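entry_8.tsv, holding TSV, C-alpha atoms and all ligand atoms:
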chain	number	residue	atom	x	y	z
A	19	MET	CA	64.61	-70.23	6.04
A	20	ASN	CA	63.22	-69.21	2.64
A	21	ILE	CA	59.93	-71.07	2.45
A	22	LEU	CA	57.56	-71.52	-0.50
A	23	LEU	CA	53.90	-72.08	0.39
A	24	THR	CA	51.96	-73.60	-2.52
A	25	GLY	CA	48.30	-72.79	-1.95
A	26	GLY	CA	49.63	-69.99	0.23
A	27	THR	CA	46.67	-67.63	-0.18
A	28	GLY	CA	44.21	-70.35	0.91
A	29	TYR	CA	42.71	-70.90	4.34
A	30	ILE	CA	45.46	-72.89	6.10
A	31	GLY	CA	48.27	-71.51	3.91
A	32	SER	CA	47.51	-67.88	4.81
A	33	HIS	CA	47.48	-68.59	8.56
A	34	THR	CA	50.74	-70.51	8.24
A	35	ALA	CA	52.22	-67.57	6.31
A	36	VAL	CA	51.48	-65.33	9.30
A	37	VAL	CA	53.18	-67.64	11.78
A	38	LEU	CA	56.24	-68.22	9.57
A	39	ALA	CA	56.67	-64.55	8.63
A	40	GLN	CA	56.34	-63.50	12.27
A	41	ALA	CA	58.97	-66.10	13.20
A	42	GLY	CA	61.41	-64.36	10.85
A	43	HIS	CA	61.28	-66.70	7.85
A	44	ARG	CA	61.16	-65.35	4.27
A	45	VAL	CA	57.82	-66.55	2.93
A	46	VAL	CA	56.82	-66.76	-0.74
A	47	LEU	CA	53.25	-67.60	-1.77
A	48	PHE	CA	52.40	-69.60	-4.90
A	49	ASP	CA	48.74	-70.02	-5.83
A	50	ASN	CA	46.52	-70.21	-8.91
A	51	LEU	CA	43.75	-68.38	-6.98
A	52	SER	CA	41.21	-71.09	-7.89
A	53	ASN	CA	39.90	-70.99	-4.31
A	54	SER	CA	41.35	-67.79	-2.84
A	55	GLN	CA	42.01	-64.14	-3.66
A	56	ALA	CA	45.17	-62.16	-4.41
A	57	SER	CA	43.93	-59.58	-1.87
A	58	THR	CA	44.97	-62.02	0.86
A	59	VAL	CA	48.43	-60.52	0.38
A	60	ASP	CA	47.06	-57.12	1.52
A	61	ARG	CA	45.47	-58.67	4.59
A	62	LEU	CA	48.67	-60.55	5.42
A	63	ALA	CA	50.53	-57.24	5.14
A	64	GLN	CA	48.11	-55.67	7.63
A	65	ILE	CA	48.75	-58.51	10.09
A	66	THR	CA	52.50	-58.99	9.68
A	67	GLY	CA	53.67	-55.60	8.39
A	68	GLN	CA	55.30	-57.44	5.47
A	69	ARG	CA	54.22	-57.65	1.85
A	70	LEU	CA	54.84	-61.30	0.98
A	71	PRO	CA	55.62	-62.08	-2.66
A	72	LEU	CA	52.82	-63.91	-4.48
A	73	VAL	CA	53.52	-65.90	-7.64
A	74	VAL	CA	50.23	-66.54	-9.44
A	75	GLY	CA	50.46	-69.89	-11.19
A	76	ASP	CA	49.45	-73.52	-11.23
A	77	VAL	CA	51.51	-76.14	-9.41
A	78	ARG	CA	51.31	-78.23	-12.58
A	79	ASP	CA	53.50	-75.59	-14.25
A	80	GLU	CA	56.84	-77.22	-13.50
A	81	ALA	CA	58.94	-74.56	-15.24
A	82	LEU	CA	57.31	-71.69	-13.31
A	83	LEU	CA	57.78	-73.59	-10.06
A	84	ALA	CA	61.46	-74.30	-10.79
A	85	ASN	CA	62.05	-70.63	-11.62
A	86	THR	CA	60.29	-69.58	-8.42
A	87	LEU	CA	62.37	-71.97	-6.32
A	88	ARG	CA	65.56	-70.57	-7.90
A	89	ASP	CA	64.56	-66.89	-7.90
A	90	TYR	CA	63.74	-66.86	-4.20
A	91	ALA	CA	66.51	-69.32	-3.15
A	92	ILE	CA	63.87	-71.50	-1.51
A	93	THR	CA	65.10	-74.02	1.08
A	94	ALA	CA	61.79	-75.68	2.06
A	95	VAL	CA	58.31	-76.06	0.59
A	96	VAL	CA	54.95	-76.50	2.32
A	97	HIS	CA	52.55	-78.00	-0.22
A	98	PHE	CA	49.01	-76.86	0.59
A	99	ALA	CA	47.80	-76.45	-3.01
A	100	GLY	CA	45.05	-78.87	-3.83
A	101	LEU	CA	41.33	-79.39	-4.17
A	102	LYS	CA	39.53	-80.59	-1.04
A	103	ALA	CA	35.78	-81.05	-1.52
A	104	VAL	CA	34.83	-84.69	-0.99
A	105	GLY	CA	31.52	-84.51	-2.89
A	106	GLU	CA	33.13	-82.79	-5.87
A	107	SER	CA	35.85	-85.46	-5.94
A	108	VAL	CA	33.21	-88.19	-6.17
A	109	ALA	CA	31.48	-86.36	-9.04
A	110	ASN	CA	34.69	-85.47	-10.87
A	111	PRO	CA	37.55	-87.76	-9.81
A	112	LEU	CA	39.79	-86.89	-12.77
A	113	LEU	CA	39.79	-83.24	-11.72
A	114	TYR	CA	41.12	-84.34	-8.33
A	115	PHE	CA	43.71	-86.77	-9.66
A	116	ALA	CA	44.92	-84.20	-12.20
A	117	ASN	CA	45.17	-81.38	-9.69
A	118	ASN	CA	46.33	-83.16	-6.54
A	119	LEU	CA	48.50	-85.92	-8.00
A	120	HIS	CA	49.85	-84.26	-11.13
A	121	GLY	CA	50.37	-81.04	-9.14
A	122	THR	CA	52.50	-82.87	-6.57
A	123	ILE	CA	54.54	-84.71	-9.21
A	124	ALA	CA	55.29	-81.43	-10.98
A	125	LEU	CA	56.34	-79.85	-7.68
A	126	LEU	CA	58.64	-82.79	-6.88
A	127	HIS	CA	60.25	-82.58	-10.33
A	128	ALA	CA	60.85	-78.86	-9.84
A	129	MET	CA	62.30	-79.45	-6.37
A	130	GLN	CA	64.51	-82.25	-7.68
A	131	ALA	CA	65.79	-80.04	-10.52
A	132	THR	CA	66.64	-77.17	-8.16
A	133	GLY	CA	68.06	-79.17	-5.25
A	134	VAL	CA	65.31	-78.28	-2.76
A	135	ARG	CA	64.84	-81.32	-0.54
A	136	GLN	CA	62.64	-80.27	2.38
A	137	LEU	CA	58.91	-80.74	1.99
A	138	VAL	CA	55.93	-80.56	4.32
A	139	PHE	CA	52.78	-82.03	2.77
A	140	SER	CA	49.19	-81.15	3.76
A	141	SER	CA	47.72	-84.55	4.41
A	142	SER	CA	44.53	-85.37	6.25
A	143	ALA	CA	42.99	-87.73	8.77
A	144	THR	CA	41.01	-88.94	5.78
A	145	VAL	CA	43.98	-91.26	5.03
A	146	TYR	CA	42.84	-93.43	7.95
A	147	GLY	CA	39.54	-94.27	6.21
A	148	ASN	CA	36.91	-95.43	8.68
A	149	PRO	CA	38.48	-95.58	12.16
A	150	HIS	CA	39.25	-99.06	13.50
A	151	TYR	CA	40.05	-97.71	16.97
A	152	LEU	CA	40.22	-94.39	18.82
A	153	PRO	CA	42.15	-92.23	19.37
A	154	ILE	CA	43.81	-92.61	15.97
A	155	ASP	CA	47.60	-92.81	16.11
A	156	GLU	CA	49.93	-92.81	13.11
A	157	GLN	CA	50.15	-96.63	13.19
A	158	HIS	CA	46.45	-96.88	12.41
A	159	PRO	CA	45.90	-98.69	9.08
A	160	THR	CA	45.41	-96.36	6.13
A	161	GLY	CA	42.51	-96.50	3.71
A	162	SER	CA	40.29	-94.21	1.74
A	163	THR	CA	36.59	-93.82	1.19
A	164	ASN	CA	36.49	-91.29	-1.68
A	165	PRO	CA	38.68	-89.93	-4.52
A	166	TYR	CA	39.82	-86.90	-2.47
A	167	GLY	CA	41.06	-89.22	0.27
A	168	ARG	CA	42.74	-91.43	-2.32
A	169	THR	CA	44.70	-88.45	-3.68
A	170	LYS	CA	46.05	-87.79	-0.16
A	171	LEU	CA	46.97	-91.43	0.31
A	172	HIS	CA	48.57	-91.75	-3.13
A	173	VAL	CA	50.67	-88.62	-2.54
A	174	GLU	CA	51.79	-89.89	0.87
A	175	GLU	CA	52.83	-93.20	-0.69
A	176	MET	CA	54.58	-91.47	-3.56
A	177	LEU	CA	56.53	-89.34	-1.07
A	178	PHE	CA	57.42	-92.43	0.97
A	179	ASP	CA	58.89	-94.13	-2.13
A	180	LEU	CA	60.76	-90.98	-3.12
A	181	ALA	CA	62.38	-90.61	0.32
A	182	ARG	CA	63.35	-94.28	0.26
A	183	SER	CA	64.95	-93.93	-3.16
A	184	ASP	CA	67.04	-90.88	-2.25
A	185	ALA	CA	68.26	-90.22	1.29
A	186	SER	CA	68.66	-86.50	0.70
A	187	TRP	CA	64.90	-85.86	0.96
A	188	HIS	CA	63.35	-84.61	4.22
A	189	ILE	CA	59.57	-85.12	4.04
A	190	ALA	CA	56.84	-84.70	6.64
A	191	CYS	CA	53.19	-85.55	5.92
A	192	LEU	CA	51.03	-83.68	8.39
A	193	ARG	CA	47.67	-85.38	8.87
A	194	TYR	CA	45.23	-82.65	9.86
A	195	PHE	CA	42.07	-83.48	11.76
A	196	ASN	CA	39.31	-80.80	11.49
A	197	PRO	CA	40.80	-77.31	10.99
A	198	ALA	CA	38.50	-74.52	12.19
A	199	GLY	CA	38.54	-70.92	13.43
A	200	ALA	CA	40.42	-67.89	12.16
A	201	HIS	CA	43.20	-65.44	12.97
A	202	SER	CA	42.33	-63.15	15.89
A	203	SER	CA	42.47	-60.06	13.61
A	204	GLY	CA	39.35	-61.23	11.75
A	205	LEU	CA	41.23	-60.45	8.51
A	206	ILE	CA	41.79	-64.00	7.29
A	207	GLY	CA	39.68	-67.13	7.74
A	208	GLU	CA	37.62	-69.68	5.90
A	209	LEU	CA	35.17	-68.38	3.32
A	210	PRO	CA	33.81	-71.25	1.22
A	211	ASN	CA	32.06	-70.63	-2.10
A	212	GLY	CA	28.37	-71.57	-2.16
A	213	ILE	CA	26.71	-73.74	0.47
A	214	PRO	CA	29.32	-74.90	3.00
A	215	ASN	CA	29.85	-78.65	3.33
A	216	ASN	CA	31.59	-78.41	6.66
A	217	LEU	CA	30.12	-77.81	10.08
A	218	MET	CA	31.94	-74.66	11.22
A	219	PRO	CA	31.37	-72.46	8.15
A	220	TYR	CA	27.77	-73.68	7.99
A	221	MET	CA	27.14	-72.65	11.60
A	222	ALA	CA	28.74	-69.27	10.89
A	223	GLN	CA	26.32	-68.68	8.00
A	224	VAL	CA	23.34	-69.69	10.15
A	225	ALA	CA	24.52	-67.17	12.74
A	226	THR	CA	24.54	-64.33	10.19
A	227	GLY	CA	21.09	-65.33	8.91
A	228	GLN	CA	22.38	-66.44	5.48
A	229	ARG	CA	20.98	-69.91	6.29
A	230	ALA	CA	17.89	-70.56	8.39
A	231	GLU	CA	19.17	-73.39	10.56
A	232	LEU	CA	21.88	-76.01	10.88
A	233	THR	CA	20.96	-79.52	9.80
A	234	VAL	CA	22.51	-81.93	12.29
A	235	PHE	CA	23.31	-85.09	10.34
A	236	GLY	CA	22.15	-87.91	12.63
A	237	ASP	CA	21.59	-88.22	16.38
A	238	ASP	CA	21.70	-92.02	16.55
A	239	TYR	CA	25.47	-92.58	16.50
A	240	PRO	CA	27.05	-94.53	19.37
A	241	THR	CA	28.44	-91.30	20.92
A	242	SER	CA	27.62	-89.45	24.17
A	243	ASP	CA	24.67	-87.51	22.67
A	244	GLY	CA	24.20	-89.48	19.45
A	245	THR	CA	25.76	-86.87	17.15
A	246	GLY	CA	29.08	-87.18	15.29
A	247	VAL	CA	32.32	-86.52	17.17
A	248	ARG	CA	35.36	-84.83	15.58
A	249	ASP	CA	38.70	-83.33	16.60
A	250	TYR	CA	38.42	-79.60	15.79
A	251	ILE	CA	41.81	-77.89	15.75
A	252	HIS	CA	42.27	-74.12	15.71
A	253	VAL	CA	43.84	-73.06	12.41
A	254	MET	CA	46.46	-70.99	14.28
A	255	ASP	CA	47.50	-74.07	16.28
A	256	LEU	CA	47.71	-75.92	12.98
A	257	ALA	CA	49.84	-73.12	11.51
A	258	GLU	CA	52.20	-73.33	14.48
A	259	GLY	CA	52.41	-77.09	13.89
A	260	HIS	CA	53.84	-76.36	10.42
A	261	ALA	CA	56.48	-74.06	11.89
A	262	ALA	CA	57.46	-76.80	14.34
A	263	ALA	CA	57.56	-79.40	11.56
A	264	LEU	CA	59.81	-77.21	9.39
A	265	GLN	CA	62.14	-76.68	12.34
A	266	HIS	CA	62.33	-80.43	12.92
A	267	LEU	CA	62.68	-81.34	9.24
A	268	GLY	CA	66.12	-79.78	8.78
A	269	SER	CA	67.77	-82.40	10.99
A	270	GLN	CA	65.48	-85.25	10.00
A	271	PRO	CA	66.04	-86.94	6.63
A	272	GLY	CA	63.52	-89.51	5.38
A	273	TRP	CA	59.73	-89.64	5.47
A	274	ASP	CA	57.38	-89.32	8.40
A	275	ALA	CA	53.67	-88.89	9.02
A	276	ILE	CA	52.44	-86.87	12.00
A	277	ASN	CA	48.92	-86.19	13.25
A	278	LEU	CA	47.97	-82.58	13.91
A	279	GLY	CA	44.92	-82.68	16.14
A	280	THR	CA	44.03	-81.81	19.72
A	281	GLY	CA	43.35	-85.35	20.91
A	282	GLN	CA	39.91	-84.22	22.10
A	283	GLY	CA	36.66	-85.02	20.31
A	284	TYR	CA	33.52	-82.87	20.43
A	285	SER	CA	30.03	-83.77	19.24
A	286	VAL	CA	27.99	-81.70	16.80
A	287	LEU	CA	25.70	-80.63	19.66
A	288	GLU	CA	28.70	-79.60	21.77
A	289	MET	CA	29.84	-77.53	18.79
A	290	VAL	CA	26.39	-75.96	18.50
A	291	ALA	CA	26.53	-75.07	22.22
A	292	ALA	CA	30.01	-73.53	21.83
A	293	PHE	CA	28.96	-71.51	18.79
A	294	SER	CA	25.82	-70.35	20.62
A	295	ARG	CA	28.09	-69.07	23.43
A	296	ALA	CA	30.21	-67.20	20.87
A	297	ILE	CA	27.22	-65.44	19.29
A	298	GLY	CA	25.37	-64.91	22.59
A	299	ARG	CA	22.13	-66.65	21.53
A	300	PRO	CA	20.99	-70.17	20.66
A	301	LEU	CA	21.97	-71.29	17.17
A	302	PRO	CA	18.89	-72.79	15.47
A	303	TYR	CA	19.23	-76.40	14.37
A	304	ARG	CA	17.18	-79.45	13.49
A	305	ILE	CA	18.08	-83.11	13.58
A	306	ALA	CA	18.01	-84.97	10.26
A	307	GLU	CA	19.22	-88.24	8.76
A	308	ARG	CA	22.88	-89.25	8.85
A	309	ARG	CA	25.02	-87.93	5.99
A	310	ALA	CA	26.21	-90.69	3.66
A	311	GLY	CA	29.86	-91.59	4.21
A	312	ASP	CA	30.09	-90.09	7.73
A	313	THR	CA	31.71	-91.93	10.59
A	314	ALA	CA	30.52	-91.76	14.23
A	315	ALA	CA	33.72	-90.47	15.80
A	316	CYS	CA	37.20	-89.48	14.72
A	317	TYR	CA	39.89	-87.91	16.91
A	318	ALA	CA	43.64	-87.96	17.10
A	319	ASP	CA	46.26	-89.42	19.32
A	320	ALA	CA	48.37	-86.25	19.16
A	321	SER	CA	51.29	-87.53	21.27
A	322	LYS	CA	53.75	-88.05	18.38
A	323	ALA	CA	53.63	-84.35	17.47
A	324	LEU	CA	54.39	-83.44	21.08
A	325	THR	CA	57.27	-85.91	21.41
A	326	LEU	CA	58.81	-85.22	18.01
A	327	LEU	CA	58.02	-81.56	17.35
A	328	GLY	CA	57.42	-80.25	20.87
A	329	TRP	CA	54.07	-79.00	19.55
A	330	GLN	CA	50.58	-79.27	20.96
A	331	ALA	CA	47.35	-77.38	20.39
A	332	LYS	CA	46.89	-74.50	22.87
A	333	ARG	CA	43.55	-72.99	21.87
A	334	ASN	CA	40.14	-74.29	22.94
A	335	LEU	CA	36.69	-74.64	21.42
A	336	ASP	CA	35.60	-71.17	22.55
A	337	ASP	CA	38.68	-69.65	20.85
A	338	ILE	CA	37.74	-71.51	17.67
A	339	CYS	CA	34.12	-70.36	17.69
A	340	SER	CA	34.72	-66.74	18.70
A	341	SER	CA	37.44	-66.26	16.06
A	342	ALA	CA	35.31	-67.93	13.35
A	343	TRP	CA	32.40	-65.67	14.31
A	344	ALA	CA	34.51	-62.49	14.28
A	345	PHE	CA	35.80	-63.37	10.81
A	346	GLN	CA	32.33	-64.24	9.51
A	347	GLN	CA	30.87	-60.95	10.77
A	348	ALA	CA	33.68	-58.97	9.17
A	349	HIS	CA	33.01	-60.69	5.84
A	350	THR	CA	29.22	-60.57	5.71
A	351	THR	CA	27.80	-57.60	3.85
B	401	LIG	P1	42.01	-73.84	0.40
B	401	LIG	O1	41.19	-74.22	-0.78
B	401	LIG	O2	41.60	-72.66	1.20
B	401	LIG	O3	43.53	-73.63	-0.03
B	401	LIG	C1	44.12	-74.34	-1.10
B	401	LIG	C2	44.76	-73.32	-2.02
B	401	LIG	O4	45.38	-74.01	-3.10
B	401	LIG	C3	43.76	-72.34	-2.63
B	401	LIG	O5	44.22	-71.02	-2.40
B	401	LIG	C4	43.74	-72.69	-4.11
B	401	LIG	O6	43.54	-71.55	-4.91
B	401	LIG	C5	45.12	-73.30	-4.29
B	401	LIG	N1	45.22	-74.28	-5.39
B	401	LIG	C6	44.42	-75.34	-5.64
B	401	LIG	N2	44.87	-76.00	-6.72
B	401	LIG	C7	45.98	-75.37	-7.15
B	401	LIG	C8	46.89	-75.57	-8.21
B	401	LIG	N3	46.73	-76.58	-9.08
B	401	LIG	N4	47.93	-74.72	-8.35
B	401	LIG	C9	48.11	-73.68	-7.49
B	401	LIG	N5	47.27	-73.43	-6.47
B	401	LIG	C10	46.23	-74.26	-6.30
B	401	LIG	O7	42.12	-75.15	1.32
B	401	LIG	P2	42.74	-75.31	2.77
B	401	LIG	O8	41.63	-75.65	3.69
B	401	LIG	O9	43.64	-74.19	3.09
B	401	LIG	O10	43.57	-76.65	2.55
B	401	LIG	C11	44.95	-76.66	2.28
B	401	LIG	C12	45.43	-78.09	2.14
B	401	LIG	O11	45.13	-78.79	3.34
B	401	LIG	C13	44.74	-78.87	1.01
B	401	LIG	O12	45.70	-79.68	0.40
B	401	LIG	C14	43.72	-79.70	1.73
B	401	LIG	O13	43.42	-80.89	1.05
B	401	LIG	C15	44.43	-79.98	3.05
B	401	LIG	N6	43.49	-80.28	4.14
B	401	LIG	C16	42.52	-79.38	4.45
B	401	LIG	C17	41.61	-79.67	5.47
B	401	LIG	C18	40.51	-78.71	5.81
B	401	LIG	O14	39.57	-79.11	6.47
B	401	LIG	N7	40.58	-77.45	5.44
B	401	LIG	C19	41.71	-80.89	6.17
B	401	LIG	C20	42.74	-81.76	5.84
B	401	LIG	C21	43.65	-81.46	4.82
B	402	LIG	C1	34.85	-83.66	6.09
B	402	LIG	C2	35.27	-84.62	5.01
B	402	LIG	C3	36.76	-84.94	5.21
B	402	LIG	C4	37.57	-83.64	5.15
B	402	LIG	C5	37.02	-82.68	6.23
B	402	LIG	C6	37.69	-81.35	6.12
B	402	LIG	C7	33.28	-85.91	4.41
B	402	LIG	C8	32.60	-87.23	4.51
B	402	LIG	N1	34.46	-85.83	5.08
B	402	LIG	O1	35.10	-84.26	7.34
B	402	LIG	O2	37.22	-85.80	4.20
B	402	LIG	O3	38.94	-83.91	5.40
B	402	LIG	O4	35.61	-82.49	6.03
B	402	LIG	O5	37.47	-80.62	7.31
B	402	LIG	O6	32.82	-84.99	3.76
B	402	LIG	N2	27.73	-81.89	10.22
B	402	LIG	C9	26.39	-81.60	10.46
B	402	LIG	N3	25.79	-80.66	9.68
B	402	LIG	C10	26.44	-79.99	8.68
B	402	LIG	C11	27.82	-80.29	8.45
B	402	LIG	C12	28.42	-81.25	9.23
B	402	LIG	O7	25.77	-82.18	11.34
B	402	LIG	O8	25.82	-79.16	7.99
B	402	LIG	C13	28.39	-82.88	11.07
B	402	LIG	C14	28.96	-84.08	10.33
B	402	LIG	O9	28.00	-85.08	10.21
B	402	LIG	C15	30.15	-84.46	11.23
B	402	LIG	C16	30.60	-83.12	11.81
B	402	LIG	O10	29.50	-82.24	11.66
B	402	LIG	O11	29.71	-85.27	12.29
B	402	LIG	C17	31.80	-82.53	11.07
B	402	LIG	O12	31.52	-82.49	9.68
B	402	LIG	P1	32.51	-81.76	8.65
B	402	LIG	O13	32.82	-80.41	9.13
B	402	LIG	O14	31.88	-81.89	7.29
B	402	LIG	O15	33.85	-82.59	8.73
B	402	LIG	P2	34.12	-84.18	8.54
B	402	LIG	O16	32.86	-84.90	8.17
B	402	LIG	O17	34.84	-84.67	9.72
Write the structure described by the file as structure tokens, please.
Ligand code: NAD
Ligand code: UD1
Amino acid sequence: MNILLTGGTGYIGSHTAVVLAQAGHRVVLFDNLSNSQASTVDRLAQITGQRLPLVVGDVRDEALLANTLRDYAITAVVHFAGLKAVGESVANPLLYFANNLHGTIALLHAMQATGVRQLVFSSSATVYGNPHYLPIDEQHPTGSTNPYGRTKLHVEEMLFDLARSDASWHIACLRYFNPAGAHSSGLIGELPNGIPNNLMPYMAQVATGQRAELTVFGDDYPTSDGTGVRDYIHVMDLAEGHAAALQHLGSQPGWDAINLGTGQGYSVLEMVAAFSRAIGRPLPYRIAERRAGDTAACYADASKALTLLGWQAKRNLDDICSSAWAFQQAHTT
């Protein structure tokens, strides 16, 4: 297949590019580099031996997208491009609606104009809002607790209506749980700007000494040790999930939503223990108040992905932590 990855130089997009290129697909990257670097292409070349084409542009640029789809005879699109910081979306909702919603509408127009009808969309477990039951399957009611989450939900609903209006569309919304870890080469991974909001990159910066200690947000949740429980999925497993979804999509018209998680939840303190194993010493932390908006526990029922796509996560917590640590060390000056 000839596959366009919007947001292809980003964290999940770059790992997916590796898996797809190594599986023999022709991969084209499209990114405005607002949260990634063009040099990712060099690192992808080191890993795959292939120099993947990168089109630098904004997904809101419908004409550029349509030209790209035509020029590279694209048959399927994976739409990663978007903004993803919850706090920023609360402070600046219009930025999120403009980028994530307008960006998707422009992409769909360009796909419609060029006859490309296969789309995988980067959705999130955030579309379930606060969990009503665990593990969370795809039948769980949807909801949203912040503007970022609302953009994911709105896009999913828009895609549902589109597929219902025109039977030629093949659309899969992949609902990621908590992506973490890095490629085993240490060449690509997650490198957030500024102070990380998320647990894994924060722990990595504590390990390098960039931050003094991890702040554990709350130890009074109704969980095994009182700290928050999440479903951390290795980014390479996630990448392989996209390859499986693209394989499946060709013979599957319509719209579907599929969880990509491991089905296993780990607490913050279990994560601290795993990261301490990876670095070979205890990671310093202190317990603090709960973070506003956090939920006690969130993990997937991942059985639909196994039944439908024949995919399940293969890597464990130690693989996640050791790969994240190798990447962090390689990128700390
Ligand atoms: P990322 O920021 O590393 O990658 C997103 C990429 O999209 C970046 O390279 C950025 O430059 C690009 N981009 C943003 N807006 C763009 C635009 N208007 N035009 C062109 N390019 C644009 O983030 P990621 O972690 O790789 O996430 C990829 C997708 O997965 C996002 O849609 C995100 O919401 C979703 N997601 C991520 C997580 C997570 O924890 N990382 C969880 C659930 C869902
Ligand atoms: C957060 C976002 C979610 C987004 C996801 C991307 C919020 C409320 N939710 O999810 O929308 O899809 O990131 O991966 O921002 N923790 C600490 N100390 C820290 C950081 C985190 O104790 O410095 C704890 C949190 O309280 C939580 C767990 O670690 O229990 C995971 O947090 P995080 O990595 O931010 O992910 P989510 O909160 O699940």
Got a sec: who's within 8 Å of stretch 246-248 of chain A, counting all atoms listed in the file, leaving out chain neighbours fewer than 2 positions off, as a ChimeraX atom specification?
/A:195-196,235-237,239,241,244,250,282-286,313-317
For stretch 80-82 of chain A, work out the shell of residues within 12 Å, counting all atoms listed in the file and skipping chain neighbours fewer than 4 positions away, then give it as an MDAnalysis selection string.
chainID A and resid 48:50 73:76 86:89 120:132
Under the rule of at most 6 Å, produce a per-residue listing of chain A near ligand LIG 402 (chain B): chain, number, name, the closest pair of atoms, and the distance in Å, as a tab-separated table, using all atoms listed in the file.
residue	atom	partner	partner_atom	distance
A:Val104	CA	B:LIG402	O6	5.2
A:Ser142	CA	B:LIG402	O3	5.8
A:Thr144	CA	B:LIG402	O2	5.2
A:Asn196	CA	B:LIG402	O5	4.6
A:Pro197	CA	B:LIG402	O5	6.0
A:Asn215	CA	B:LIG402	O14	5.5
A:Asn216	CA	B:LIG402	O13	3.4
A:Leu217	CA	B:LIG402	C11	3.8
A:Tyr220	CA	B:LIG402	O8	5.8
A:Leu232	CA	B:LIG402	O8	5.8
A:Thr233	CA	B:LIG402	N3	5.0
A:Val234	CA	B:LIG402	O7	3.4
A:Phe235	CA	B:LIG402	O7	3.9
A:Gly246	CA	B:LIG402	O11	3.6
A:Val247	CA	B:LIG402	O11	5.7
A:Arg248	CA	B:LIG402	O17	5.9
A:Val286	CA	B:LIG402	O10	5.4
A:Arg309	CA	B:LIG402	O9	5.9
A:Gly311	CA	B:LIG402	C8	5.2
A:Asp312	CA	B:LIG402	C8	5.0
For ligand LIG 401 (chain B), list the contacting residues at 7 Å or closer, counting only C-alpha atoms and all ligand atoms, as a PyMOL selection string.
chain A and resi 24-31+48-54+75-78+98-102+117+121+140-143+193-197+208
Taking all atoms of stretch 42-52 of chain A that the file lists and extending 8 Å past them on each side, where is the centre of the axis-aligned box and how long are its edges? Answer in Å to one decimal, as JSON.
{"center_x": 51.3, "center_y": -67.7, "center_z": 1.0, "size_x": 36.2, "size_y": 22.7, "size_z": 35.8}
Long-range neighbours of A:Gln157 as a compact mmCIF listing (two decimals) with C-alpha atoms, in the coordinates of the input, 12 Å cut-off, all atoms listed in the file, 6 positions minimum in chain:
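part10.txt was written with the following content:
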# COMPACT_ATOMS: atom_id res chain seq x y z
CA VAL A 145 43.98 -91.26 5.03
CA TYR A 146 42.84 -93.43 7.95
CA PRO A 149 38.48 -95.58 12.16
CA HIS A 150 39.25 -99.06 13.50
CA TYR A 151 40.05 -97.71 16.97
CA ASP A 274 57.38 -89.32 8.40
CA ALA A 275 53.67 -88.89 9.02
CA ILE A 276 52.44 -86.87 12.00
CA ASN A 277 48.92 -86.19 13.25
CA ALA A 318 43.64 -87.96 17.10
CA ASP A 319 46.26 -89.42 19.32
CA LYS A 322 53.75 -88.05 18.38
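When all atoms listed in the file are used to measure the gap to A:His201, the shortest distance among A:Asp238, A:Asp184, A:Asp336, A:Asp255 belongs to A:Asp255.
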Counting only C-alpha atoms, I want the residues whose atoms come within 7 Å of (44.9, -60.1, 4.8) in the file frame, returned as a PDB file with C-alpha atoms, keeping the file's coordinate frame.
ATOM      1  CA  SER A  57      43.930 -59.580  -1.870  1.00  0.00           C
ATOM      2  CA  THR A  58      44.970 -62.020   0.860  1.00  0.00           C
ATOM      3  CA  VAL A  59      48.430 -60.520   0.380  1.00  0.00           C
ATOM      4  CA  ASP A  60      47.060 -57.120   1.520  1.00  0.00           C
ATOM      5  CA  ARG A  61      45.470 -58.670   4.590  1.00  0.00           C
ATOM      6  CA  LEU A  62      48.670 -60.550   5.420  1.00  0.00           C
ATOM      7  CA  ALA A  63      50.530 -57.240   5.140  1.00  0.00           C
ATOM      8  CA  GLN A  64      48.110 -55.670   7.630  1.00  0.00           C
ATOM      9  CA  ILE A  65      48.750 -58.510  10.090  1.00  0.00           C
ATOM     10  CA  LEU A 205      41.230 -60.450   8.510  1.00  0.00           C
ATOM     11  CA  ILE A 206      41.790 -64.000   7.290  1.00  0.00           C
TER      12      ILE A 206
END
Near A:Met221, counting all atoms listed in the file, which residues have an atom at most 12 Å away, once you skip same-chain residues fewer than 4 positions from it, shown as a PyMOL selection string?
chain A and resi 198-199+213-217+225-234+286-287+289-294+296-297+300-303+339-340+342-343+346
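Going from atom CA of A:Ile21 to atom CA of A:Pro271 covers 17.5 Å.
The smallest atom-to-atom distance between A:Gly204 and any of A:Ile92, A:Leu113, A:Ile338, A:Ala310, using only C-alpha atoms, is found for A:Ile338.
Going from atom CA of A:Leu177 over to atom CA of A:Leu192, you cover 12.3 Å.
With distances restricted to all atoms listed in the file, A:Ala181 is the closest residue to A:Gln270 from A:Ala181, A:Leu324, A:Leu256, A:Leu70.
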Interatomic distance between atom CA of A:Asn118 and atom CA of A:Val95?
15.6 Å
